[in-house]
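A.B. asks: work_31.cif (mmCIF, C-alpha atoms) pasted underneath:
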data_protein
#
loop_
_atom_site.label_atom_id
_atom_site.label_comp_id
_atom_site.auth_asym_id
_atom_site.auth_seq_id
_atom_site.Cartn_x
_atom_site.Cartn_y
_atom_site.Cartn_z
CA MET A 1 116.03 132.47 82.43
CA ILE A 2 116.31 136.05 83.62
CA ALA A 3 112.66 136.61 82.81
CA ALA A 4 111.71 133.53 84.82
CA LEU A 5 113.69 134.77 87.80
CA ALA A 6 112.15 138.19 87.56
CA ARG A 7 108.58 136.94 87.57
CA PRO A 8 108.27 135.85 91.21
CA GLN A 9 109.83 139.15 92.14
CA VAL A 10 107.17 141.01 90.25
CA GLY A 11 104.63 138.84 92.04
CA PHE A 12 106.14 139.62 95.44
CA ARG A 13 106.10 143.31 94.63
CA VAL A 14 102.46 143.21 93.62
CA LEU A 15 101.63 141.31 96.82
CA GLY A 16 103.67 143.75 98.90
CA ALA A 17 101.86 146.68 97.32
CA LEU A 18 98.50 145.05 97.99
CA TYR A 19 99.51 144.36 101.58
CA LEU A 20 100.59 147.95 102.15
CA LEU A 21 97.41 149.17 100.52
CA LEU A 22 95.36 147.04 102.91
CA ALA A 23 97.38 148.26 105.88
CA ALA A 24 97.24 151.96 104.94
CA PRO A 25 94.59 153.98 106.77
CA PRO A 26 92.19 154.86 103.91
CA LEU A 27 91.43 151.30 102.79
CA ARG A 28 91.91 149.80 106.25
CA THR A 29 89.40 152.07 107.96
CA SER A 30 86.89 151.82 105.14
CA LEU A 31 87.02 148.01 105.14
CA GLU A 32 86.87 147.89 108.93
CA ALA A 33 83.94 150.30 108.99
CA THR A 34 81.57 147.43 108.27
CA MET A 35 81.56 143.96 109.71
CA SER A 36 81.25 142.39 106.26
CA GLY A 37 84.19 144.40 104.94
CA HIS A 38 86.28 143.40 107.92
CA MET A 39 85.39 139.70 108.07
CA LEU A 40 84.68 138.86 104.47
CA VAL A 41 87.03 141.12 102.52
CA GLN A 42 90.01 142.25 104.61
CA ILE A 43 90.66 139.04 106.52
CA PRO A 44 90.35 136.69 103.51
CA LEU A 45 92.54 139.01 101.41
CA LEU A 46 95.27 138.99 104.07
CA ALA A 47 95.19 135.20 104.14
CA ALA A 48 95.18 135.07 100.33
CA ILE A 49 98.32 137.23 100.22
CA GLY A 50 100.11 134.65 102.36
CA PHE A 51 98.80 131.85 100.16
CA VAL A 52 99.97 133.40 96.92
CA ALA A 53 103.29 134.51 98.41
CA CYS A 54 103.96 130.91 99.37
CA ARG A 55 103.24 129.75 95.81
CA LEU A 56 105.80 132.25 94.53
CA LEU A 57 108.55 130.52 96.49
CA PRO A 58 110.64 127.93 94.60
CA VAL A 59 109.00 124.51 94.74
CA ALA A 60 112.03 122.94 96.44
CA ARG A 61 111.83 125.52 99.20
CA GLN A 62 108.12 124.87 99.71
CA GLU A 63 108.85 121.14 99.97
CA ARG A 64 111.61 121.77 102.53
CA LEU A 65 109.30 123.95 104.63
CA LEU A 66 106.61 121.30 104.39
CA ASP A 67 108.98 118.57 105.54
CA ALA A 68 110.35 120.72 108.33
CA GLY A 69 106.82 121.21 109.63
CA GLY A 70 106.10 117.48 109.68
CA GLY A 71 103.99 117.33 106.52
CA ALA A 72 100.52 118.55 105.76
CA VAL A 73 98.61 117.66 108.94
CA PRO A 74 100.30 119.99 111.46
CA TYR A 75 99.97 122.85 108.98
CA VAL A 76 96.26 122.20 108.46
CA VAL A 77 95.68 122.11 112.22
CA LEU A 78 97.54 125.40 112.54
CA VAL A 79 95.35 126.91 109.82
CA VAL A 80 92.18 125.73 111.56
CA PHE A 81 93.22 127.30 114.87
CA ALA A 82 94.49 130.57 113.44
CA SER A 83 91.54 131.11 111.11
CA THR A 84 89.02 130.26 113.84
CA TRP A 85 90.66 132.82 116.10
CA TRP A 86 89.90 135.64 113.69
CA MET A 87 86.29 134.51 113.48
CA LEU A 88 85.76 135.27 117.18
CA PRO A 89 83.69 138.45 117.57
CA ARG A 90 86.00 139.39 120.40
CA ALA A 91 89.05 139.28 118.14
CA LEU A 92 87.39 141.70 115.71
CA ASP A 93 86.59 144.15 118.52
CA ASP A 94 90.08 143.82 119.96
CA ALA A 95 91.70 144.45 116.59
CA LEU A 96 89.76 147.70 116.30
CA ALA A 97 90.50 148.77 119.87
CA SER A 98 94.20 147.91 120.07
CA PRO A 99 96.93 148.63 117.50
CA LEU A 100 98.89 145.67 118.88
CA VAL A 101 96.09 143.22 118.12
CA GLU A 102 95.61 144.87 114.74
CA ALA A 103 99.29 144.28 113.96
CA ALA A 104 98.96 140.68 115.14
CA LYS A 105 96.06 140.25 112.72
CA PHE A 106 98.03 141.63 109.79
CA ILE A 107 100.96 139.34 110.57
CA SER A 108 99.19 136.15 111.59
CA LEU A 109 96.68 135.92 108.73
CA PRO A 110 99.27 135.69 105.94
CA LEU A 111 101.82 133.73 108.00
CA LEU A 112 99.64 131.37 110.05
CA VAL A 113 96.70 130.92 107.69
CA GLY A 114 97.60 131.63 104.05
CA LEU A 115 101.16 130.32 104.01
CA PRO A 116 100.63 127.01 105.85
CA LEU A 117 97.48 126.32 103.86
CA ALA A 118 99.36 126.79 100.59
CA LEU A 119 102.16 124.53 101.84
CA ALA A 120 99.82 121.80 103.01
CA TRP A 121 97.47 121.96 100.04
CA ARG A 122 99.91 120.52 97.52
CA ARG A 123 100.30 117.34 99.56
CA LEU A 124 96.69 116.91 100.62
CA GLY A 125 94.71 114.13 98.99
CA PRO A 126 91.01 114.33 98.15
CA ILE A 127 90.06 113.45 101.75
CA GLY A 128 92.33 116.06 103.27
CA ARG A 129 91.07 118.73 100.92
CA GLY A 130 87.54 117.62 101.58
CA PHE A 131 88.16 118.02 105.30
CA VAL A 132 89.48 121.55 104.86
CA TRP A 133 86.56 122.55 102.66
CA THR A 134 83.80 121.06 104.80
CA ASN A 135 85.37 122.38 107.97
CA PHE A 136 85.60 125.86 106.54
CA ILE A 137 82.16 125.85 104.93
CA SER A 138 80.38 124.53 108.01
CA MET A 139 82.14 127.01 110.26
CA LEU A 140 81.14 129.86 107.97
CA ALA A 141 77.52 128.71 107.87
CA VAL A 142 77.20 128.13 111.61
CA LEU A 143 78.83 131.45 112.48
CA GLY A 144 76.71 133.27 109.91
CA TRP A 145 73.58 131.71 111.35
CA LEU A 146 74.64 132.66 114.86
CA TYR A 147 75.12 136.27 113.76
CA ILE A 148 71.64 136.34 112.25
CA ALA A 149 69.92 134.63 115.16
CA ALA A 150 71.89 136.11 118.06
CA PRO A 151 69.63 138.18 120.30
CA VAL A 152 72.62 140.30 121.33
CA ARG A 153 75.12 142.48 119.58
CA VAL A 154 78.26 140.32 119.41
CA CYS A 155 80.61 143.14 118.47
CA ASN A 156 80.62 146.39 120.40
CA SER A 157 82.17 148.10 117.41
CA TYR A 158 79.45 147.20 114.93
CA LEU A 159 75.78 147.97 114.58
CA VAL A 160 73.23 145.18 114.92
CA ASP A 161 72.06 145.48 111.32
CA GLN A 162 75.67 145.11 110.16
CA GLN A 163 75.94 141.95 112.18
CA GLU A 164 72.83 140.65 110.48
CA SER A 165 73.96 141.54 106.98
CA ALA A 166 77.38 139.99 107.63
CA GLY A 167 75.57 136.88 108.88
CA TRP A 168 73.46 136.60 105.74
CA LEU A 169 76.50 137.14 103.53
CA MET A 170 78.33 134.36 105.37
CA VAL A 171 75.42 131.94 104.96
CA LYS A 172 75.13 132.78 101.27
CA LEU A 173 78.86 132.44 100.77
CA ALA A 174 78.83 129.08 102.55
CA LEU A 175 76.03 127.82 100.28
CA LEU A 176 77.84 129.10 97.21
CA LEU A 177 81.13 127.48 98.21
CA PHE A 178 79.36 124.24 99.05
CA ALA A 179 77.63 124.19 95.67
CA GLY A 180 80.91 124.98 93.92
CA TRP A 181 82.74 122.30 95.83
CA LEU A 182 80.07 119.67 95.11
CA ALA A 183 80.04 120.62 91.45
CA SER A 184 83.81 120.32 91.25
CA LEU A 185 83.59 116.85 92.80
CA PHE A 186 81.32 115.71 89.99
CA VAL A 187 82.91 117.63 87.16
CA GLY A 188 86.54 117.35 88.23
CA GLY A 189 86.14 113.70 89.21
CA GLY A 190 89.29 113.44 91.31
CA GLY A 191 87.81 115.32 94.26
CA ASN A 192 89.76 118.45 93.49
CA PRO A 193 87.71 121.47 94.43
CA ALA A 194 87.55 124.29 91.95
CA LEU A 195 90.19 126.30 93.75
CA SER A 196 92.71 123.49 93.89
CA THR A 197 92.47 122.70 90.19
CA ALA A 198 92.66 126.36 89.36
CA GLU A 199 95.65 126.78 91.57
CA GLN A 200 97.55 123.90 90.06
CA VAL A 201 97.53 125.93 86.91
CA ALA A 202 97.87 129.33 88.56
CA PRO A 203 97.60 130.77 92.07
CA PRO A 204 94.06 132.01 92.76
CA PRO A 205 94.11 135.84 92.63
CA ALA A 206 94.96 137.56 89.40
CA PRO A 207 98.09 139.61 90.25
CA SER A 208 100.51 136.69 90.13
CA ARG A 209 98.89 134.61 87.42
CA ASP A 210 101.85 135.11 85.11
CA CYS A 211 104.20 133.20 87.38
CA GLY A 212 101.93 130.28 88.06
CA PRO A 213 102.69 127.65 85.44
CA GLU A 214 106.38 127.29 86.19
CA ARG A 215 105.74 126.82 89.87
CA ASN A 216 103.84 123.57 89.87
CA MET B 1 112.67 110.57 114.07
CA SER B 2 110.55 109.16 111.27
CA ASP B 3 108.36 111.43 109.19
CA ALA B 4 105.18 110.00 110.66
CA ALA B 5 106.38 110.45 114.25
CA ARG B 6 107.46 113.99 113.49
CA SER B 7 104.07 114.73 112.01
CA VAL B 8 102.25 113.34 115.06
CA VAL B 9 104.46 115.22 117.52
CA LEU B 10 104.06 118.52 115.71
CA THR B 11 100.32 118.05 115.31
CA VAL B 12 99.97 117.44 119.04
CA LEU B 13 102.16 120.45 119.75
CA VAL B 14 100.12 122.73 117.50
CA THR B 15 96.88 121.42 119.02
CA VAL B 16 98.08 121.99 122.58
CA LEU B 17 99.40 125.46 121.80
CA GLY B 18 96.28 126.36 119.83
CA THR B 19 93.95 125.15 122.57
CA GLY B 20 96.04 127.05 125.11
CA ALA B 21 95.81 130.20 123.03
CA PHE B 22 92.03 129.87 122.82
CA TRP B 23 91.78 129.16 126.54
CA TRP B 24 93.78 132.28 127.27
CA GLY B 25 92.06 134.40 124.63
CA THR B 26 88.52 133.54 125.69
CA ASP B 27 89.03 133.54 129.47
CA GLY B 28 88.72 129.78 129.74
CA PHE B 29 86.24 129.35 126.86
CA SER B 30 83.78 131.65 128.62
CA ALA B 31 84.12 135.03 126.90
CA PHE B 32 83.77 134.97 123.12
CA THR B 33 82.67 138.57 122.79
CA ALA B 34 84.33 141.76 123.96
CA GLU B 35 81.29 142.53 126.11
CA THR B 36 81.49 139.34 128.21
CA ALA B 37 85.25 139.80 128.42
CA ARG B 38 84.80 143.33 129.74
CA ARG B 39 82.42 142.13 132.43
CA ALA B 40 84.62 139.23 133.49
CA ASP B 41 87.66 141.48 133.56
CA ILE B 42 86.01 144.02 135.89
CA LEU B 43 84.89 141.28 138.27
CA ARG B 44 88.44 139.98 138.50
CA ALA B 45 90.10 143.34 138.81
CA PRO B 46 88.01 146.39 139.77
CA ARG B 47 89.11 149.29 137.64
CA PRO B 48 90.03 152.81 138.79
CA LEU B 49 88.15 155.54 136.95
CA PRO B 50 89.61 158.76 135.53
CA ALA B 51 88.66 162.11 137.01
CA ALA B 52 85.73 163.72 135.26
CA VAL B 53 83.85 166.98 135.67
CA LEU B 54 80.14 166.64 135.05
CA GLU B 55 77.22 168.99 134.67
CA ASP B 56 73.77 167.84 135.79
CA GLN B 57 70.23 168.60 134.64
CA ASP B 58 70.14 171.78 136.72
CA GLY B 59 73.47 173.04 135.41
CA ARG B 60 75.29 172.13 138.64
CA VAL B 61 78.90 171.20 138.12
CA PHE B 62 80.35 168.30 140.13
CA ARG B 63 83.03 165.65 140.02
CA LEU B 64 82.71 161.92 139.73
CA ASP B 65 84.97 161.75 142.78
CA ASP B 66 82.30 163.55 144.83
CA TYR B 67 80.54 160.19 145.05
CA ARG B 68 83.40 158.50 146.89
CA GLY B 69 82.24 156.78 150.03
CA ARG B 70 78.91 155.92 148.43
CA LEU B 71 77.83 153.15 146.09
CA LEU B 72 77.08 154.57 142.68
CA ALA B 73 75.05 153.00 139.89
CA VAL B 74 76.02 154.40 136.50
CA GLU B 75 74.36 154.10 133.09
CA PHE B 76 75.37 155.72 129.81
CA ILE B 77 72.66 157.27 127.66
CA TYR B 78 71.80 159.98 125.18
CA THR B 79 68.50 161.72 125.59
CA ARG B 80 67.14 161.31 122.06
CA CYS B 81 67.55 157.56 122.35
CA THR B 82 64.24 155.78 121.89
CA THR B 83 65.31 152.17 122.12
CA ILE B 84 67.78 150.69 124.54
CA CYS B 85 68.06 153.75 126.81
CA ARG B 86 64.35 153.34 127.59
CA SER B 87 65.02 149.88 128.95
CA LEU B 88 67.99 151.31 130.81
CA GLY B 89 65.82 154.03 132.29
CA MET B 90 63.21 151.48 133.35
CA ALA B 91 65.87 149.26 134.87
CA PHE B 92 67.34 152.21 136.74
CA LYS B 93 63.94 153.17 138.08
CA GLN B 94 63.36 149.62 139.33
CA ILE B 95 66.72 149.66 141.06
CA ARG B 96 66.07 153.06 142.64
CA ASP B 97 62.68 151.89 143.92
CA ARG B 98 64.29 148.90 145.62
CA VAL B 99 66.97 150.79 147.49
CA PRO B 100 65.90 151.28 151.13
CA PRO B 101 64.71 154.90 151.43
CA ASP B 102 67.07 155.73 154.28
CA ALA B 103 70.08 154.58 152.24
CA LEU B 104 69.14 156.46 149.08
CA GLY B 105 71.30 159.52 148.75
CA ARG B 106 73.22 158.78 151.93
CA ASP B 107 74.85 155.53 150.88
CA VAL B 108 73.57 154.90 147.35
CA ALA B 109 73.24 157.21 144.38
CA LEU B 110 72.34 156.80 140.73
CA LEU B 111 73.88 158.65 137.81
CA SER B 112 72.90 158.67 134.14
CA ILE B 113 75.73 160.02 132.02
CA SER B 114 75.06 161.33 128.52
CA PHE B 115 77.74 160.67 125.91
CA ASP B 116 76.27 163.27 123.56
CA PRO B 117 77.17 166.55 125.34
CA GLU B 118 76.74 168.56 122.13
CA ARG B 119 73.01 168.07 122.00
CA ASP B 120 72.21 167.04 125.56
CA ASP B 121 72.12 170.39 127.33
CA PRO B 122 70.78 170.61 130.89
CA ALA B 123 67.28 171.28 129.54
CA SER B 124 67.17 168.02 127.57
CA LEU B 125 68.77 166.18 130.48
CA LYS B 126 66.00 167.48 132.69
CA ILE B 127 63.26 166.32 130.32
CA TYR B 128 64.90 162.89 130.07
CA GLY B 129 65.16 162.64 133.86
CA GLY B 130 61.55 163.72 134.29
CA SER B 131 60.25 161.14 131.86
CA HIS B 132 62.14 158.32 133.61
CA GLY B 133 61.25 159.36 137.15
CA ALA B 134 64.65 160.66 138.22
CA ASP B 135 64.45 163.11 141.12
CA GLY B 136 67.56 165.06 140.13
CA GLU B 137 69.14 164.59 143.56
CA HIS B 138 69.66 160.93 144.33
CA TRP B 139 69.37 160.10 140.65
CA ARG B 140 70.97 162.74 138.50
CA ILE B 141 71.27 163.02 134.73
CA ALA B 142 74.57 164.57 133.70
CA ARG B 143 76.87 165.21 130.79
CA VAL B 144 80.64 165.43 130.55
CA ARG B 145 81.43 168.59 128.65
CA ASP B 146 85.11 167.97 128.03
CA ALA B 147 85.48 165.63 125.05
CA ALA B 148 88.79 164.14 126.22
CA GLN B 149 87.42 163.46 129.69
CA LEU B 150 84.32 161.87 128.21
CA GLN B 151 86.38 159.58 126.00
CA ALA B 152 88.62 158.58 128.91
CA LEU B 153 85.55 157.82 131.00
CA LEU B 154 83.93 155.74 128.23
CA ASP B 155 87.20 153.86 127.72
CA ALA B 156 87.54 153.11 131.42
CA PHE B 157 83.96 151.85 131.58
CA GLY B 158 84.46 149.95 128.31
CA VAL B 159 81.51 151.62 126.63
CA VAL B 160 81.76 151.84 122.83
CA VAL B 161 79.54 154.42 121.16
CA ILE B 162 79.07 154.39 117.41
CA PRO B 163 76.80 156.67 115.40
CA ASP B 164 74.02 154.89 113.52
CA ARG B 165 72.62 156.06 110.20
CA PHE B 166 69.70 157.90 111.70
CA GLY B 167 71.56 160.56 113.68
CA GLY B 168 71.46 158.48 116.85
CA PHE B 169 73.96 156.14 118.44
CA GLU B 170 74.37 152.48 119.12
CA HIS B 171 76.13 151.55 122.34
CA ASN B 172 76.65 148.59 124.64
CA ALA B 173 74.13 149.16 127.39
CA ALA B 174 74.59 147.89 130.91
CA ILE B 175 74.34 148.93 134.52
CA HIS B 176 77.66 149.74 136.13
CA LEU B 177 78.39 149.63 139.83
CA VAL B 178 81.08 151.94 141.21
CA GLY B 179 82.28 151.00 144.68
CA ARG B 180 82.85 153.26 147.66
CA ASP B 181 86.53 153.48 146.72
CA GLY B 182 85.59 154.99 143.36
CA ARG B 183 86.49 151.91 141.34
CA LEU B 184 84.29 150.18 138.80
CA VAL B 185 83.48 146.86 140.49
CA GLU B 186 80.74 145.23 138.45
CA ILE B 187 78.84 145.43 135.18
CA SER B 188 75.34 143.97 135.11
CA ASP B 189 72.95 143.15 132.35
CA LEU B 190 70.16 145.66 132.03
CA GLU B 191 67.72 142.75 131.77
CA ALA B 192 68.38 141.88 135.40
CA PRO B 193 67.85 145.07 137.44
CA LEU B 194 66.40 143.13 140.36
CA GLN B 195 69.57 141.12 140.82
CA PHE B 196 71.53 144.33 140.71
CA ALA B 197 69.25 145.82 143.35
CA GLU B 198 69.77 142.74 145.53
CA LYS B 199 73.51 143.07 145.24
CA LEU B 200 73.26 146.74 146.16
CA ALA B 201 71.19 145.87 149.21
CA GLU B 202 73.75 143.25 150.24
CA ALA B 203 76.57 145.78 149.94
CA LEU B 204 74.84 148.28 152.23
#
As a first step, turn the structure in this file into structure tokens.
C.D. replies:
Amino acid sequence: MIAALARPQVGFRVLGALYLLLAAPPLRTSLEATMSGHMLVQIPLLAAIGFVACRLLPVARQERLLDAGGGAVPYVVLVVFASTWWMLPRALDDALASPLVEAAKFISLPLLVGLPLALAWRRLGPIGRGFVWTNFISMLAVLGWLYIAAPVRVCNSYLVDQQESAGWLMVKLALLLFAGWLASLFVGGGGNPALSTAEQVAPPPAPSRDCGPERN
Amino acid sequence: MSDAARSVVLTVLVTVLGTGAFWWGTDGFSAFTAETARRADILRAPRPLPAAVLEDQDGRVFRLDDYRGRLLAVEFIYTRCTTICRSLGMAFKQIRDRVPPDALGRDVALLSISFDPERDDPASLKIYGGSHGADGEHWRIARVRDAAQLQALLDAFGVVVIPDRFGGFEHNAAIHLVGRDGRLVEISDLEAPLQFAEKLAEAL
């Protein structure tokens, strides 16, 4: 009993430490030094922290939050808006130029992307999950392609060759995710993408794996 | 309220707020990059520029404010630049050649500012000016020696300079127009020097 209570707390501490690590200058500046590090490592990690933190909450509390927000759909729409925002080249530049925008990024990614996605995910059926996956994958691919093909530098803070390498990484990642998702449709049968089945057993990233099983 | 109604209402609310946020954040779905935003922002609200002391290709020291009362075209360069600054130099030359001769110097001036004062001494500025056809009077090449002043100037113009891996720099290149009141009034694409020249001629 006591051990079970302690586990989410350990999880929260690990997440908090990771969050502080990401926010502290050494890691923050090194990740933000390249476009790929900024877009494909820092931003997803911030969202993932919110996702896992939500899974560490008691199930009843997650259900209450979900009901208070009107179910899965409003949360998914919120996730789409908030995540698209941080894909705008302008938002990346602004985050680097203004501490206020940087703070907004660190707050909004866990709270408006990770957390609502984790809340909504448990109540989404195969079609809802399919929508989230295809929406995300297509956005990643289109944006990646734009970065590769754009005749102009989209971010004033990044070099053109960084833009191109970030673009290629995004296209590759989109293909990889698409392949993984398709495979999970065939293998998993029920339309549960790899991540969702994994997360029903344990939240995705490793730090909190120990407190997964009791949660779902 | 039923669950379904609540869900619909909140979805609509989130959609409206989200669309509003995007409208606001992209200047009405028109500026998705910081560069377009910077240009739109200047057009809406001309920006005052900080005081800066410059040194030109002949070692003459002057102030940016000395140009008040005249229209000033400004570009930012570094002299070792072999790529985009060349296009900038060409664009500047085209603009200079289209300014009516009697207005040049009296009502219009051109200024190339180096953001690499460490290496761009007056001698290198002079070579750069010579190779681009600057006369050193109506079109001067200058550097800002004080690092803080240079940064303030770059910030006010919205120019971001980042070192590349080959000892050079990458920077957003454009042609800037400073009005007679000393405020930054417009930023033009360096691909369209002729339009810029037309606008200059109209403002005379």
A.B. asks: Using all atoms listed in the file, which protein or nucleic acid residues come within 9 Å of Ser83 of chain A? Drop anything in the same chain fewer than 6 positions from it, and give the result as a PyMOL selection string.
C.D. replies: chain A and resi 47+109+112-113
A.B. asks: When the PyMOL selection byres ((chain A) within 9 of (chain B)) is applied to the file above, which residues end up in the set, as number ranges by chain?
C.D. replies: A: 67-78, 81-82, 85, 88-94, 153-160
A.B. asks: To one decimal place, how far is atom CA of Gly50 of chain A from atom CA of Leu111 of chain A in Å?
C.D. replies: 6.0 Å
A.B. asks: Could you please determine the separation between atom CA of Ile175 of chain B and atom CA of Phe92 of chain B in Å, to one decimal place?
C.D. replies: 8.0 Å
A.B. asks: Quote the spacing between atom CA of Leu66 of chain A and atom CA of Leu119 of chain A in Å to one decimal place.
C.D. replies: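 The value is 6.1 Å.
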A.B. asks: Which protein, DNA or RNA residues have an atom at most 12 Å from (83.4, 167.3, 138.5), counting all atoms listed in the file? List them as a list in words.
C.D. replies: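 Here is the list of nearby residues: Pro50, Ala51, Ala52, Val53, Leu54, Glu55, Asp56, Gly59, Arg60, Val61, Phe62, Arg63, Leu64, Asp65, Asp66, Tyr67, Ala142, Arg143, Val144, Arg145, Asp146, Gln149 and Leu150 of chain B.
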A.B. asks: Do you know which residues are at most 7 Å from His176 of chain B counting only C-alpha atoms, after dropping those on the same chain fewer than 2 positions away, and could you put them as a list in words?
C.D. replies: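 Counting only C-alpha atoms, the residues come to Ala73, Val74, Glu75, Ala174, Val178, Glu186, Ile187 and Ser188 of chain B.
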A.B. asks: Near Arg47 of chain B, within 10 Å and counting all atoms listed in the file, which residues show up once chain neighbours fewer than 3 positions away are dropped, as a JSON list (two decimals) with C-alpha atoms, keeping the file's coordinate frame?
C.D. replies:
[["chain", "number", "residue", "atom", "x", "y", "z"],
["B", 41, "ASP", "CA", 87.66, 141.48, 133.56],
["B", 42, "ILE", "CA", 86.01, 144.02, 135.89],
["B", 43, "LEU", "CA", 84.89, 141.28, 138.27],
["B", 44, "ARG", "CA", 88.44, 139.98, 138.50],
["B", 50, "PRO", "CA", 89.61, 158.76, 135.53],
["B", 156, "ALA", "CA", 87.54, 153.11, 131.42],
["B", 157, "PHE", "CA", 83.96, 151.85, 131.58],
["B", 178, "VAL", "CA", 81.08, 151.94, 141.21],
["B", 179, "GLY", "CA", 82.28, 151.00, 144.68],
["B", 182, "GLY", "CA", 85.59, 154.99, 143.36],
["B", 183, "ARG", "CA", 86.49, 151.91, 141.34],
["B", 184, "LEU", "CA", 84.29, 150.18, 138.80],
["B", 185, "VAL", "CA", 83.48, 146.86, 140.49],
["B", 186, "GLU", "CA", 80.74, 145.23, 138.45]]
A.B. asks: Looking at B:Pro117, B:Gly89, B:Pro193, B:His138, which one is nearest to Pro101 of chain B, with distances taken over only C-alpha atoms?
C.D. replies: B:His138
A.B. asks: Decode the PyMOL selection byres ((chain A and resi 140) around 12) for the given file into explicit residues and return them as a PyMOL selection string.
C.D. replies: chain A and resi 39-40+83-84+86-88+133-139+141-147+166-178
A.B. asks: At a cut-off of 9 Å, using all atoms listed in the file, what residues contact Phe196 of chain B? Leave out same-chain residues fewer than 5 positions from it and give the result as a list of chain:residue names.
C.D. replies: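 Listing them by chain and then by number gives B:Ile95, B:Ile175, B:Leu177, B:Ser188, B:Asp189, B:Leu190, B:Ala201.
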A.B. asks: Write out as a list in words the residues lying within 8 Å of segment 133-137 of chain B, counting all atoms listed in the file and excluding same-chain residues fewer than 2 positions away.
C.D. replies: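 The filter keeps Gln57, Asp58, Lys93, Gly105, Lys126, Gly129, Gly130, Ser131, Trp139, Arg140 and Ile141 of chain B.
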A.B. asks: Would you mind exporting C-alpha atoms of the selected residues as a compact mmCIF listing (two decimals), in the coordinates of the input?
C.D. replies:
# COMPACT_ATOMS: atom_id res chain seq x y z
CA GLN B 57 70.23 168.60 134.64
CA ASP B 58 70.14 171.78 136.72
CA LYS B 93 63.94 153.17 138.08
CA GLY B 105 71.30 159.52 148.75
CA LYS B 126 66.00 167.48 132.69
CA GLY B 129 65.16 162.64 133.86
CA GLY B 130 61.55 163.72 134.29
CA SER B 131 60.25 161.14 131.86
CA TRP B 139 69.37 160.10 140.65
CA ARG B 140 70.97 162.74 138.50
CA ILE B 141 71.27 163.02 134.73
